[in-house]
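Asker: Just so it is clear, I am handing over entry.tsv, which has TSV, C-alpha atoms.
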chain	number	residue	atom	x	y	z
U	289	MET	CA	85.06	111.16	129.89
U	290	ILE	CA	85.34	111.16	126.12
U	291	ARG	CA	82.07	110.38	124.37
U	292	PHE	CA	81.96	108.95	120.91
U	293	ARG	CA	78.83	108.83	118.89
U	294	ALA	CA	78.61	106.75	115.76
U	295	LEU	CA	77.30	108.68	112.77
U	296	GLU	CA	73.80	107.32	112.32
U	297	THR	CA	72.53	106.52	108.90
U	298	ARG	CA	69.70	104.31	107.81
U	299	ALA	CA	71.73	102.34	105.31
U	300	VAL	CA	75.20	102.26	103.86
U	301	ARG	CA	74.30	103.61	100.44
U	302	ARG	CA	76.34	103.07	97.33
U	303	PRO	CA	77.52	105.83	95.01
U	304	PRO	CA	76.08	106.30	91.49
U	305	LEU	CA	76.64	103.62	88.89
U	306	PRO	CA	78.90	105.77	86.62
U	307	LEU	CA	81.35	106.31	89.50
U	308	ILE	CA	81.37	102.58	90.29
U	309	LEU	CA	81.89	101.80	86.59
U	310	VAL	CA	84.87	104.18	86.24
U	311	ALA	CA	86.50	102.83	89.43
U	312	ILE	CA	86.09	99.18	88.42
U	313	ALA	CA	87.23	99.91	84.84
U	314	MET	CA	90.43	101.49	86.19
U	315	LEU	CA	90.92	98.47	88.47
U	316	ALA	CA	90.48	96.12	85.51
U	317	LEU	CA	92.96	98.14	83.41
U	318	GLY	CA	95.45	98.12	86.25
U	319	GLU	CA	95.20	94.34	86.64
U	320	THR	CA	95.49	93.88	82.87
U	321	ALA	CA	98.80	95.78	83.01
U	322	SER	CA	100.24	93.10	85.32
U	323	PRO	CA	101.28	90.62	82.57
U	324	PHE	CA	103.14	93.46	80.79
U	325	LEU	CA	105.27	93.86	83.92
U	326	SER	CA	106.23	90.18	84.16
U	327	GLY	CA	105.87	87.59	81.39
U	328	LEU	CA	105.44	90.14	78.60
U	329	ARG	CA	108.16	92.45	79.91
U	330	PRO	CA	110.68	91.51	77.17
U	331	ALA	CA	108.10	92.46	74.52
U	332	VAL	CA	107.47	95.80	76.29
U	333	GLU	CA	111.21	96.49	76.40
U	334	ARG	CA	111.58	95.68	72.69
U	335	HIS	CA	108.69	98.00	71.83
U	336	ALA	CA	110.14	100.76	74.00
U	337	ARG	CA	113.57	100.49	72.36
U	338	ALA	CA	111.94	100.54	68.93
U	339	ARG	CA	109.99	103.74	69.81
U	340	VAL	CA	113.18	105.39	71.09
U	341	ALA	CA	114.94	104.51	67.83
U	342	ALA	CA	111.96	105.81	65.80
U	343	ASN	CA	112.07	109.10	67.74
U	344	ALA	CA	115.83	109.45	67.76
U	345	GLY	CA	115.70	113.22	67.32
U	346	VAL	CA	113.65	114.00	70.44
U	347	HIS	CA	115.75	111.61	72.53
U	348	GLY	CA	119.01	113.24	71.43
U	349	LEU	CA	120.63	110.08	70.07
U	350	THR	CA	124.03	110.88	68.54
U	351	GLY	CA	125.14	107.66	66.94
U	352	SER	CA	127.70	106.99	69.69
U	353	ALA	CA	126.93	103.50	71.02
U	354	GLU	CA	127.91	104.15	74.66
U	355	TYR	CA	126.05	107.47	74.93
U	356	ASP	CA	122.99	106.23	73.04
U	357	ASP	CA	122.76	103.07	75.18
U	358	GLU	CA	122.60	105.23	78.29
U	359	ILE	CA	119.82	107.39	76.77
U	360	ARG	CA	117.89	104.32	75.60
U	361	ASN	CA	118.18	102.58	78.97
U	362	ARG	CA	116.91	105.62	80.85
U	363	ALA	CA	113.96	106.08	78.49
U	364	VAL	CA	113.04	102.39	78.72
U	365	PHE	CA	113.35	102.51	82.51
U	366	THR	CA	111.03	105.55	82.63
U	367	ALA	CA	108.44	103.80	80.46
U	368	GLU	CA	108.57	100.65	82.61
U	369	ALA	CA	108.32	102.73	85.77
U	370	GLY	CA	105.24	104.51	84.38
U	371	LEU	CA	103.60	101.16	83.66
U	372	SER	CA	104.45	99.91	87.15
U	373	PHE	CA	103.06	103.05	88.79
U	374	PHE	CA	99.92	102.71	86.68
U	375	HIS	CA	99.42	99.13	87.93
U	376	THR	CA	99.94	100.04	91.61
U	377	HIS	CA	97.90	103.24	91.60
U	378	ALA	CA	94.99	101.72	89.68
U	379	GLY	CA	94.81	98.92	92.24
U	380	GLY	CA	94.99	101.27	95.18
U	381	LEU	CA	92.82	104.19	94.09
U	382	ALA	CA	89.77	102.21	92.98
U	383	PRO	CA	88.88	100.84	96.45
U	384	LEU	CA	89.63	104.28	97.91
U	385	VAL	CA	87.28	106.01	95.47
U	386	LEU	CA	84.52	103.45	96.13
U	387	LEU	CA	84.93	103.88	99.89
U	388	ALA	CA	84.86	107.67	99.64
U	389	GLY	CA	81.86	107.48	97.28
U	390	THR	CA	80.05	105.28	99.79
U	391	ILE	CA	80.67	107.81	102.56
U	392	VAL	CA	79.39	110.62	100.32
U	393	ALA	CA	76.24	108.68	99.41
U	394	SER	CA	75.51	107.67	102.99
U	395	VAL	CA	76.39	110.73	105.03
U	396	VAL	CA	76.77	113.93	103.00
U	397	PRO	CA	73.59	116.01	102.84
U	398	GLY	CA	72.73	118.25	99.89
U	399	VAL	CA	72.34	117.15	96.29
U	400	ALA	CA	74.75	119.82	94.97
U	401	THR	CA	77.53	118.90	97.42
U	402	ARG	CA	77.13	115.21	96.66
U	403	GLY	CA	77.12	115.90	92.91
U	404	LEU	CA	80.32	117.92	93.14
U	405	LEU	CA	82.00	115.21	95.20
U	406	TYR	CA	80.96	112.49	92.74
U	407	VAL	CA	82.46	114.48	89.84
U	408	LEU	CA	85.71	115.06	91.74
U	409	LEU	CA	85.93	111.39	92.79
U	410	THR	CA	85.32	110.23	89.22
U	411	ALA	CA	88.20	112.45	88.06
U	412	ALA	CA	90.31	111.08	90.93
U	413	ALA	CA	89.62	107.52	89.77
U	414	LEU	CA	91.15	108.43	86.39
U	415	PHE	CA	94.43	109.64	87.99
U	416	PRO	CA	96.38	106.42	87.26
U	417	LEU	CA	95.96	107.06	83.52
U	418	GLY	CA	98.48	109.85	84.05
U	419	TYR	CA	101.17	107.21	84.55
U	420	LEU	CA	100.22	105.50	81.28
U	421	ALA	CA	100.49	108.90	79.60
U	422	TYR	CA	103.88	109.32	81.36
U	423	ALA	CA	105.14	105.98	79.97
U	424	LEU	CA	103.95	106.64	76.41
U	425	ALA	CA	104.95	110.29	76.28
U	426	ALA	CA	108.47	109.52	77.56
U	427	LEU	CA	108.99	107.26	74.53
U	428	GLU	CA	107.31	109.48	71.91
U	429	MET	CA	108.44	112.96	73.04
U	430	GLY	CA	111.66	112.34	74.90
U	431	ARG	CA	112.05	111.53	78.59
U	432	GLU	CA	112.03	115.05	80.06
U	433	SER	CA	109.35	116.54	77.77
U	434	GLY	CA	107.13	113.47	78.01
U	435	VAL	CA	107.22	113.38	81.80
U	436	ALA	CA	106.57	117.15	81.99
U	437	LEU	CA	103.59	116.87	79.65
U	438	ALA	CA	102.05	113.99	81.62
U	439	GLU	CA	102.55	115.87	84.88
U	440	ARG	CA	101.12	119.18	83.64
U	441	TYR	CA	98.08	117.94	81.72
U	442	VAL	CA	97.10	114.70	83.45
U	443	LEU	CA	98.70	113.93	86.82
U	444	THR	CA	98.42	117.41	88.33
U	445	PRO	CA	94.77	118.15	87.39
U	446	LEU	CA	93.48	114.68	88.27
U	447	GLY	CA	95.61	114.45	91.41
U	448	SER	CA	94.33	117.87	92.47
U	449	ALA	CA	90.77	116.64	91.91
U	450	ALA	CA	91.48	113.72	94.26
U	451	ILE	CA	92.89	115.97	96.97
U	452	LEU	CA	90.06	118.48	96.56
U	453	ALA	CA	87.52	115.65	96.79
U	454	LEU	CA	88.96	114.39	100.07
U	455	VAL	CA	89.29	117.86	101.59
U	456	THR	CA	85.71	118.71	100.57
U	457	LEU	CA	84.50	115.38	101.97
U	458	ALA	CA	86.27	116.07	105.27
U	459	TRP	CA	84.61	119.52	105.41
U	460	ALA	CA	81.16	118.03	104.58
U	461	LEU	CA	81.60	115.34	107.25
U	462	GLY	CA	82.55	118.00	109.80
U	463	ARG	CA	79.38	119.92	108.94
U	464	ALA	CA	77.25	116.77	109.04
U	465	GLY	CA	78.68	115.84	112.44
U	466	ARG	CA	78.02	119.32	113.88
U	467	ALA	CA	74.48	119.36	112.45
U	468	ARG	CA	73.70	116.02	114.12
U	469	ASP	CA	75.22	117.21	117.42
U	470	HIS	CA	72.87	120.20	117.43
U	471	ALA	CA	69.77	118.29	116.31
U	472	PRO	CA	67.60	116.89	119.13
U	473	ARG	CA	67.96	113.10	119.48
U	474	VAL	CA	64.73	111.10	119.46
U	475	GLY	CA	64.18	109.20	122.69
U	476	GLN	CA	67.23	110.68	124.39
U	477	ALA	CA	66.93	110.59	128.16
U	478	THR	CA	67.06	114.06	129.72
M	299	MET	CA	82.10	105.74	126.68
M	300	ILE	CA	81.53	104.52	123.19
M	301	GLU	CA	77.82	104.47	122.38
M	302	PRO	CA	76.79	101.44	120.37
M	303	PRO	CA	75.37	102.26	116.95
M	304	VAL	CA	71.61	102.24	116.58
M	305	ALA	CA	70.34	98.95	115.14
M	306	GLU	CA	68.98	100.70	112.04
M	307	SER	CA	72.40	101.97	111.19
M	308	ALA	CA	73.81	98.52	110.68
M	309	SER	CA	75.15	97.97	107.21
M	310	GLY	CA	72.12	97.62	104.92
M	311	GLY	CA	73.39	94.57	103.09
M	312	TYR	CA	71.62	91.55	104.49
M	313	GLY	CA	68.33	93.24	105.48
M	314	GLY	CA	68.33	91.77	108.96
M	315	SER	CA	68.96	88.16	107.97
M	316	ARG	CA	72.19	86.78	109.38
M	317	ARG	CA	72.39	84.15	106.64
M	318	GLY	CA	71.97	86.68	103.88
M	319	PRO	CA	69.82	86.45	100.76
M	320	PRO	CA	70.05	83.37	98.51
M	321	SER	CA	72.52	83.81	95.68
M	322	ASN	CA	69.82	83.57	92.98
M	323	GLN	CA	67.91	86.55	94.38
M	324	SER	CA	68.16	89.69	92.22
M	325	PRO	CA	69.78	92.71	93.84
M	326	PRO	CA	67.50	95.03	95.81
M	327	SER	CA	66.19	98.05	93.96
M	328	ASN	CA	67.41	100.40	96.72
M	329	GLN	CA	70.84	101.97	96.52
M	330	SER	CA	72.57	100.15	99.37
M	331	TRP	CA	75.53	97.81	99.26
M	332	ARG	CA	75.08	94.09	99.79
M	333	LEU	CA	77.80	92.06	101.47
M	334	PRO	CA	79.26	89.18	99.48
M	335	PRO	CA	78.86	85.61	100.79
M	336	ILE	CA	80.67	84.92	104.06
M	337	PRO	CA	83.15	82.43	102.47
M	338	VAL	CA	84.26	85.17	100.06
M	339	LEU	CA	84.78	87.62	102.91
M	340	LEU	CA	86.67	84.91	104.79
M	341	VAL	CA	88.98	84.29	101.84
M	342	GLY	CA	89.68	88.04	101.53
M	343	VAL	CA	90.38	88.48	105.22
M	344	VAL	CA	92.52	85.32	105.48
M	345	LEU	CA	94.56	86.47	102.47
M	346	ILE	CA	95.21	89.85	104.08
M	347	ALA	CA	96.10	88.11	107.35
M	348	CYS	CA	98.57	85.85	105.50
M	349	ALA	CA	100.07	88.93	103.87
M	350	GLU	CA	100.65	90.55	107.25
M	351	VAL	CA	102.10	87.34	108.74
M	352	GLY	CA	104.32	87.02	105.67
M	353	GLY	CA	105.53	90.58	106.03
M	354	ALA	CA	106.28	90.11	109.72
M	355	SER	CA	108.04	86.80	109.07
M	356	MET	CA	110.22	88.36	106.39
M	357	ALA	CA	111.49	90.88	108.92
M	358	GLN	CA	111.69	88.56	111.93
M	359	PHE	CA	113.26	85.55	110.19
M	360	LYS	CA	115.25	87.33	107.47
M	361	LEU	CA	118.57	85.84	108.61
M	362	GLU	CA	117.22	82.30	108.99
M	363	LEU	CA	115.52	82.41	105.60
M	364	THR	CA	118.65	83.71	103.89
M	365	ARG	CA	120.81	81.02	105.54
M	366	TRP	CA	118.34	78.31	104.56
M	367	ALA	CA	118.20	79.44	100.92
M	368	ARG	CA	121.97	79.82	100.72
M	369	GLY	CA	122.51	76.35	102.19
M	370	ILE	CA	120.18	74.76	99.65
M	371	MET	CA	121.87	76.60	96.78
M	372	LEU	CA	125.38	75.60	97.90
M	373	ALA	CA	124.20	71.97	98.01
M	374	ARG	CA	123.14	72.29	94.34
M	375	PRO	CA	126.08	73.95	92.57
M	376	GLN	CA	125.19	72.65	89.10
M	377	THR	CA	121.63	74.02	89.27
M	378	HIS	CA	122.96	77.53	90.00
M	379	GLY	CA	126.09	77.43	87.85
M	380	LEU	CA	128.48	77.63	90.80
M	381	VAL	CA	132.06	77.02	89.71
M	382	GLY	CA	133.95	76.98	93.00
M	383	VAL	CA	135.55	80.41	92.48
M	384	ARG	CA	134.50	82.67	95.35
M	385	ASP	CA	134.23	85.94	93.38
M	386	VAL	CA	132.04	84.36	90.71
M	387	ASP	CA	129.93	82.23	93.07
M	388	GLU	CA	129.18	85.08	95.51
M	389	GLN	CA	127.75	87.15	92.67
M	390	ILE	CA	125.51	84.29	91.56
M	391	LEU	CA	124.37	83.59	95.12
M	392	ASP	CA	123.67	87.28	95.78
M	393	GLU	CA	121.52	87.61	92.69
M	394	ALA	CA	119.52	84.51	93.63
M	395	LEU	CA	119.05	85.74	97.21
M	396	VAL	CA	117.82	89.13	95.97
M	397	LYS	CA	115.21	87.37	93.83
M	398	PHE	CA	114.32	85.10	96.77
M	399	ASP	CA	113.67	88.16	98.93
M	400	ALA	CA	111.81	89.91	96.10
M	401	GLY	CA	109.41	86.96	95.75
M	402	LEU	CA	108.52	87.11	99.45
M	403	ARG	CA	108.08	90.88	99.26
M	404	LEU	CA	105.86	90.62	96.18
M	405	PHE	CA	103.75	87.97	97.95
M	406	HIS	CA	103.21	90.39	100.85
M	407	LEU	CA	102.23	93.28	98.54
M	408	HIS	CA	99.96	91.28	96.26
M	409	ALA	CA	98.22	89.37	99.03
M	410	GLU	CA	97.34	92.63	100.80
M	411	GLY	CA	96.11	94.28	97.63
M	412	LEU	CA	94.23	91.32	96.22
M	413	GLY	CA	92.53	90.56	99.55
M	414	THR	CA	91.04	94.05	99.42
M	415	ILE	CA	90.17	93.71	95.74
M	416	ILE	CA	88.37	90.37	96.34
M	417	ILE	CA	86.14	92.00	98.98
M	418	VAL	CA	85.48	95.21	97.01
M	419	THR	CA	84.90	93.60	93.61
M	420	SER	CA	82.62	90.87	94.92
M	421	MET	CA	80.67	93.47	96.92
M	422	VAL	CA	80.14	95.49	93.72
M	423	ALA	CA	79.13	92.33	91.84
M	424	VAL	CA	76.51	91.15	94.36
M	425	SER	CA	75.13	94.67	94.78
M	426	VAL	CA	74.86	95.77	91.18
M	427	VAL	CA	74.90	92.86	88.72
M	428	GLU	CA	71.33	91.78	87.95
M	429	HIS	CA	71.99	88.43	86.25
M	430	ALA	CA	72.39	85.80	88.97
M	431	ALA	CA	74.58	83.36	87.00
M	432	LEU	CA	76.91	86.14	85.85
M	433	ARG	CA	77.15	87.40	89.43
M	434	ARG	CA	78.19	83.93	90.64
M	435	VAL	CA	80.77	83.54	87.86
M	436	ILE	CA	82.34	86.93	88.61
M	437	VAL	CA	82.50	86.29	92.36
M	438	ALA	CA	83.92	82.77	91.89
M	439	LEU	CA	86.58	83.89	89.39
M	440	ILE	CA	87.75	86.91	91.36
M	441	THR	CA	87.85	84.94	94.64
M	442	ALA	CA	89.78	81.98	93.22
M	443	GLY	CA	92.00	84.08	90.98
M	444	GLY	CA	92.71	86.75	93.54
M	445	ALA	CA	93.36	84.33	96.40
M	446	LEU	CA	95.70	81.98	94.57
M	447	TYR	CA	97.65	84.43	92.40
M	448	PRO	CA	99.88	85.75	95.24
M	449	LEU	CA	100.86	82.17	96.14
M	450	GLY	CA	102.79	82.14	92.86
M	451	TYR	CA	105.33	84.51	94.44
M	452	LEU	CA	105.71	82.23	97.46
M	453	MET	CA	106.16	79.28	95.11
M	454	TRP	CA	108.80	81.16	93.09
M	455	SER	CA	110.78	82.04	96.22
M	456	ALA	CA	110.57	78.45	97.49
M	457	LEU	CA	111.70	77.05	94.14
M	458	ILE	CA	114.66	79.40	93.57
M	459	PRO	CA	117.07	77.50	95.89
M	460	PHE	CA	116.03	74.12	94.41
M	461	GLN	CA	115.53	74.95	90.72
M	462	GLY	CA	117.23	78.27	90.04
M	463	ILE	CA	115.72	81.69	89.24
M	464	ALA	CA	114.54	81.11	85.66
M	465	ARG	CA	113.15	77.60	86.09
M	466	GLY	CA	111.42	78.52	89.36
M	467	LYS	CA	109.82	81.51	87.65
M	468	ALA	CA	108.64	79.40	84.70
M	469	VAL	CA	106.99	76.86	87.02
M	470	ALA	CA	105.24	79.57	89.07
M	471	GLU	CA	104.19	81.36	85.89
M	472	TRP	CA	102.53	78.39	84.22
M	473	LEU	CA	101.08	76.75	87.35
M	474	VAL	CA	99.83	79.85	89.18
M	475	TRP	CA	100.26	83.32	87.65
M	476	ILE	CA	98.87	82.65	84.20
M	477	PRO	CA	95.77	80.60	85.16
M	478	PHE	CA	94.79	82.50	88.30
M	479	GLY	CA	95.87	85.92	87.08
M	480	SER	CA	93.81	85.37	83.94
M	481	ALA	CA	90.81	84.32	86.05
M	482	ALA	CA	91.00	87.56	88.04
M	483	ILE	CA	91.39	89.71	84.90
M	484	VAL	CA	88.46	87.97	83.16
M	485	ALA	CA	86.29	88.52	86.26
M	486	MET	CA	87.14	92.25	86.28
M	487	TRP	CA	86.26	92.74	82.63
M	488	LEU	CA	83.02	90.76	82.97
M	489	LEU	CA	82.09	93.11	85.82
M	490	VAL	CA	83.03	96.18	83.77
M	491	GLY	CA	80.85	94.89	80.93
M	492	ALA	CA	77.89	94.24	83.25
M	493	LEU	CA	78.24	97.70	84.82
M	494	ALA	CA	78.48	99.37	81.40
M	495	VAL	CA	75.32	97.61	80.20
M	496	GLN	CA	73.48	98.65	83.35
M	497	CYS	CA	74.64	102.25	83.03
M	498	ALA	CA	73.43	102.33	79.43
M	499	ARG	CA	70.06	100.86	80.48
M	500	SER	CA	69.62	103.45	83.27
M	501	ALA	CA	70.52	106.28	80.89
M	502	ARG	CA	68.00	105.00	78.31
M	503	GLY	CA	65.39	104.56	81.01
M	504	ARG	CA	65.85	108.16	82.19
M	505	SER	CA	65.79	109.64	78.67
M	506	GLY	CA	63.03	107.36	77.28
Starting from the file, lay out its structure as structure tokens.
Answerer:
Amino acid sequence: MIRFRALETRAVRRPPLPLILVAIAMLALGETASPFLSGLRPAVERHARARVAANAGVHGLTGSAEYDDEIRNRAVFTAEAGLSFFHTHAGGLAPLVLLAGTIVASVVPGVATRGLLYVLLTAAALFPLGYLAYALAALEMGRESGVALAERYVLTPLGSAAILALVTLAWALGRAGRARDHAPRVGQAT
Amino acid sequence: MIEPPVAESASGGYGGSRRGPPSNQSPPSNQSWRLPPIPVLLVGVVLIACAEVGGASMAQFKLELTRWARGIMLARPQTHGLVGVRDVDEQILDEALVKFDAGLRLFHLHAEGLGTIIIVTSMVAVSVVEHAALRRVIVALITAGGALYPLGYLMWSALIPFQGIARGKAVAEWLVWIPFGSAAIVAMWLLVGALAVQCARSARGRSG
């Protein structure tokens, strides 16, 4: 017979206000990006093409219409993709961070462990900004260099923080579960 | 055997009252979450359910939907610029059917996401925002905006066979996406502002 025991906690506690603020701010930014993907998309495309023209050297424009059009189209596509990824990730990560923060606040013992998890989760909530950096850097620095910069300095560190937060939370939950298994239960029939 | 949770471990939102606290009551000083009003939860859950039904219907009735849309478009050649030349007309019909399918897909994605966002955002608002009127405004805007925005994609898809891609999009944009999308965005930024003010107050309270 498999026995399940619900983790017992007095209340479902919420995480600290700064973590909630960062998560909701990212959600708001992600939603605000939505008009730039639909109604304002022509304006975004015009701006992107203008930035490619202003940074012709880094994009390798040669003056040949056919070749340059291909370069421009790929750079504009990369910028639009970055904006789209920003919108989707901001909408998805914020609820995830709030849920994980709630679990930390309600179940994880130890002030230091909770503090570390809150810091990691706050960094995780900022991960979608990496895609904004990706979109902007691709236009200002060239497609390849811009994407590499965004990946190295923003997406990888913040994404690693997110993964580390979840792995650490899983470890803390495992410890909390084992500690409750070994603690005597009040009123348990012998 | 699954042991039922202890009564104390029930979610600490309503404090034992099934009806929940009145909406003009200030949030509790403890650090627990409060659930939003039941109608708000219902709207969020119904929206997610509609998203799932929409997704299933897209797969199950893909052929029927495509045939229906194609039939309507062929009955309105002037609306879609059909000229009677097969090579030209098939390209026009294919593009319109791709957009038709995209609208249904985007409805599915946005309804799932916004259902979750309605529940999460309103839960944050009722738990953390101190000003009762502001709390009500945020919850009302995010619920209405979030629930109705995805219907714009359904409207666009439904209008494409009758009105064409561009005209259908313009109607959906001005009737649904702009008003309800704006409502949701305004609600989010009001919540961010309220949270920022509260963070600043807590920081001053701790340092002062």
Asker: Smallest atom-to-atom distance to chain U: which of M:Val343, M:Ala442, M:Met356, M:Cys497, using only C-alpha atoms?
Answerer: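 Smallest distance to chain U is found for M:Cys497.
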Asker: Counting only C-alpha atoms, figure out which residue out of M:Gln496, M:Thr364, M:Gln376, M:Gln389 gets nearest to chain U.
Answerer: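 Of M:Gln496, M:Thr364, M:Gln376, M:Gln389, the one nearest chain U, counting only C-alpha atoms, is M:Gln496.
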Asker: To one decimal in Å, tell me the separation between CA of Ser433 (chain U) and CA of Leu317 (chain U).
Answerer: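 These two atoms are separated by 25.3 Å.
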Asker: Would you list the residues near (113.7, 116.0, 71.9), meaning any protein, DNA or RNA residue with an atom at most 8 Å from that point in file coordinates, counting only C-alpha atoms, as a list in words?
Answerer: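 Those residues, ordered by chain and then number, are Gly345, Val346, His347, Gly348, Met429, Gly430 and Ser433 of chain U.
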Asker: Given the choices M:Lys467, M:Arg384, M:Lys360, M:Arg365, which gets closest to chain U if the distance is worked out from all atoms listed in the file?
Answerer: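 Of M:Lys467, M:Arg384, M:Lys360, M:Arg365, the one nearest chain U, counting all atoms listed in the file, is M:Lys467.
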Asker: Pro304 (chain U): which residues within 12 Å, counting all atoms listed in the file, same-chain residues fewer than 6 positions away excluded, as a PDB file with C-alpha atoms, in the coordinates of the input?
Answerer:
ATOM      1  CA  VAL U 310      84.870 104.180  86.240  1.00  0.00           C
ATOM      2  CA  ALA U 311      86.500 102.830  89.430  1.00  0.00           C
ATOM      3  CA  VAL U 385      87.280 106.010  95.470  1.00  0.00           C
ATOM      4  CA  LEU U 386      84.520 103.450  96.130  1.00  0.00           C
ATOM      5  CA  GLY U 389      81.860 107.480  97.280  1.00  0.00           C
ATOM      6  CA  THR U 390      80.050 105.280  99.790  1.00  0.00           C
ATOM      7  CA  VAL U 392      79.390 110.620 100.320  1.00  0.00           C
ATOM      8  CA  ALA U 393      76.240 108.680  99.410  1.00  0.00           C
ATOM      9  CA  SER U 394      75.510 107.670 102.990  1.00  0.00           C
ATOM     10  CA  ARG U 402      77.130 115.210  96.660  1.00  0.00           C
ATOM     11  CA  GLY U 403      77.120 115.900  92.910  1.00  0.00           C
ATOM     12  CA  LEU U 405      82.000 115.210  95.200  1.00  0.00           C
ATOM     13  CA  TYR U 406      80.960 112.490  92.740  1.00  0.00           C
ATOM     14  CA  VAL U 407      82.460 114.480  89.840  1.00  0.00           C
ATOM     15  CA  LEU U 409      85.930 111.390  92.790  1.00  0.00           C
ATOM     16  CA  THR U 410      85.320 110.230  89.220  1.00  0.00           C
TER      17      THR U 410
ATOM     18  CA  ASN M 328      67.410 100.400  96.720  1.00  0.00           C
ATOM     19  CA  GLN M 329      70.840 101.970  96.520  1.00  0.00           C
ATOM     20  CA  SER M 330      72.570 100.150  99.370  1.00  0.00           C
ATOM     21  CA  TRP M 331      75.530  97.810  99.260  1.00  0.00           C
ATOM     22  CA  VAL M 422      80.140  95.490  93.720  1.00  0.00           C
ATOM     23  CA  VAL M 426      74.860  95.770  91.180  1.00  0.00           C
ATOM     24  CA  LEU M 493      78.240  97.700  84.820  1.00  0.00           C
ATOM     25  CA  GLN M 496      73.480  98.650  83.350  1.00  0.00           C
ATOM     26  CA  CYS M 497      74.640 102.250  83.030  1.00  0.00           C
ATOM     27  CA  SER M 500      69.620 103.450  83.270  1.00  0.00           C
ATOM     28  CA  ALA M 501      70.520 106.280  80.890  1.00  0.00           C
TER      29      ALA M 501
END
